[in-house]
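One structure is given below, encoded as structure tokens.
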Amino acid sequence: MADAPGGRQRILSGMRPTGRLHLGNLVGALENWRALQDEYDCFFMIADYHALMSEYESPADISSHAREVLIDFVSCGLDPERSVIFRQSDVPEHAELHLILSDYTPISWLERNPTYKEQMKELTSKDIHNYAFLGYPVLQAADILLYKANRVPVGEDQLPHLELTREVVRRFNALVGAEALVEPQAKLTSSPRLLGLDRRKMSKSYHNQIDIADDPDTIRAKVRSMITDPKRIRRDDPGHPDECNVCDYYKTFAPDEPAAVAEKCRAATWGCTDCKAHLADILVALLEEPRRRRAELEADPERLLAIVAAGGEKAQAVARQTLDEIKGLTGLGGW
Ligand code: SF4
């Protein structure tokens with residue numbers, strides 16, 4: 001497997017800017033990405049072309065959401081000095097390679113994509129019956145392949161997405177007769193499943209999330225609203241921590257504490273109010289540093305602009321080189 005310049009393998013990952021990021025994004029992605037910076041040459045993308053696919057009816061918020069995601073990225077420890085942090089649409093090579101790869105991707109591969117079928121059924125609040133949504137795995141492939149990323153951080157459930165990119169690489173390389181595109185490997189990361197406050201999937205569209213940027217009062221109010229063990233009606237009823245979402249949050253955010261929490265819950269020596277107040281203290285402390293960094297970044301818009309401009313330039317330099325190679329192999333450009 002070829003390494004990126006500098007001898008380190010390269011990682012590409014991204015997040016759609018559809019609003020501020022939440023605790024699920026923190027434990028499911030950002031904490032892993034922060035650690036990967038020590039070992040890999042990292043490219044972190046604010047995927048606004050991907051956001052437009054579902055938000056095209058009201059696109060005005062995409063750029064402000066992209067700014068929020070940039071602040072969340074940096075305040076959670078993604079380091080613009082070590083990693084390339086950029087906005088996808090600042091590097092139009094993504095759109096161009098997407099178009100070229102579309103020529104090499106059979107429609108049947110996209111139609112059989114399980115996520116596509118699932119989202120068509122489940123995402124009823126948006127009209128995603130558009131051409132772009134069917135083709136989003138091709139854009140995803142372009143995102144990864146432009147940077148010749150060796151690794152893509154994914155949870156086990158996302159492996160099929162990466163397989164489609166690998167299939168596109170194999171088909172393209174075979175048809176052009178050159179090992180032009182790098183077949184990326186999965187970098188399996190742990191991502192604890194964190195449910196929303198109401199025990200449904202954590203999602204901005206359900207309004208059941210704790211945002212990384214929430215202030216302490218908001219965090220406390222949200223934790224107080226969490227659904228607990230439905231069988232524990234009165235304070236002196238023994239609880240069932242294994243059936244309680246609050247206990248799951250302890251497992252994720254305070255791994256030393258669940259045993260003691262469960263014992264006090266089962267023995268009814270503390271009430272759900274006490275249990276939630278303690279969890280809220282833990283979350284307020286956890287998010288204190290990102291909140292402090294966010295305040296600094298919000299007070300310095302020039303710095304934000306500089307980060308995204310520098311990231312865009314670095315990303316484009318790499319992307320342009322790959323795209324020129326691909327155009328050369330596909331009869332585009334030159335005489
Ligand atoms: S005490 Fe804690 S773990 Fe037990 S039911 Fe109440 S909130 Fe859940």
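Simple scheme: letters A, B, ... for chains in structure tokens order, numbers from 1 for residues in each chain, numbers from 1 for ligands in the order shown.
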
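The shell of residues at most 10 Å from Val152 (chain A), with only C-alpha atoms counted and near chain neighbours (fewer than 5 positions) removed, consists of Arg10, Ile11, Leu12, Ser13, Gly14, Cys42, Ile144, Leu159, Leu162, Pro184, Gln185, Ala186, Lys187, Leu188 and Thr189 of chain A.
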
Write out, as an mmCIF file, in the first residue's frame, the residues just selected, with C-alpha atoms.
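And here's out_12.cif as it stands now:
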```cif
data_model
loop_
_atom_site.group_PDB
_atom_site.id
_atom_site.type_symbol
_atom_site.label_atom_id
_atom_site.label_comp_id
_atom_site.auth_asym_id
_atom_site.auth_seq_id
_atom_site.Cartn_x
_atom_site.Cartn_y
_atom_site.Cartn_z
ATOM 1 C CA ARG A 10 -3.346 9.053 4.853
ATOM 2 C CA ILE A 11 -6.840 9.302 6.353
ATOM 3 C CA LEU A 12 -9.873 11.079 4.913
ATOM 4 C CA SER A 13 -13.080 11.601 6.825
ATOM 5 C CA GLY A 14 -15.827 14.168 6.890
ATOM 6 C CA CYS A 42 -5.285 13.449 8.180
ATOM 7 C CA ILE A 144 -11.562 9.606 -0.656
ATOM 8 C CA LEU A 159 -18.057 -1.188 5.799
ATOM 9 C CA LEU A 162 -16.349 1.703 1.704
ATOM 10 C CA PRO A 184 -8.658 2.472 0.539
ATOM 11 C CA GLN A 185 -8.779 0.153 3.529
ATOM 12 C CA ALA A 186 -11.084 0.503 6.506
ATOM 13 C CA LYS A 187 -9.671 1.833 9.740
ATOM 14 C CA LEU A 188 -12.120 0.229 12.134
ATOM 15 C CA THR A 189 -12.925 2.552 14.995
#
```

- Message: Please list as number ranges by chain every residue within 9 Å of Cys275 (chain A), counting only C-alpha atoms and excluding residues in the same chain fewer than 5 positions away.
- Response: A: 246-247, 261, 265, 270, 280

- Item | Protein and nucleic residues near ligand 1, 12 Å, only C-alpha atoms and all ligand atoms, as a PyMOL selection string | chain A and resi 197+223-251+257-280

- Note on the structure: Of A:Ile307, A:Met15, A:Ala180, A:Leu194, the one nearest to Glu325 (chain A) when counting only C-alpha atoms is A:Ala180

- Item | Selected residue, from A:Tyr131, A:Leu101, A:Ser125, A:Ala221, that lies nearest to Arg170 (chain A) when counting only C-alpha atoms | A:Leu101

- Task: Please return as a PyMOL selection string: the residues of region 60-278 of chain A that backbone DSSP assigns to alpha helix (DSSP H).
- Result: chain A and resi 62-75+93-103+107-111+114-122+131-134+136-146+159-176+216-224+245-253+258-266+272-278

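Running DSSP on the backbone and keeping only strand (DSSP E), the residues of region 6-170 of chain A that qualify are Arg10, Ile11, Leu12, Ser13, Gly14, Met15, Asp41, Cys42, Phe43, Phe44, Met45, Ile46, Val84, Ile85, Phe86, Arg87, Arg151, Val152, Pro153 and Val154 of chain A.
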
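In this structure, CA of Lys126 (chain A) sits 22.5 Å away from CA of Arg199 (chain A).
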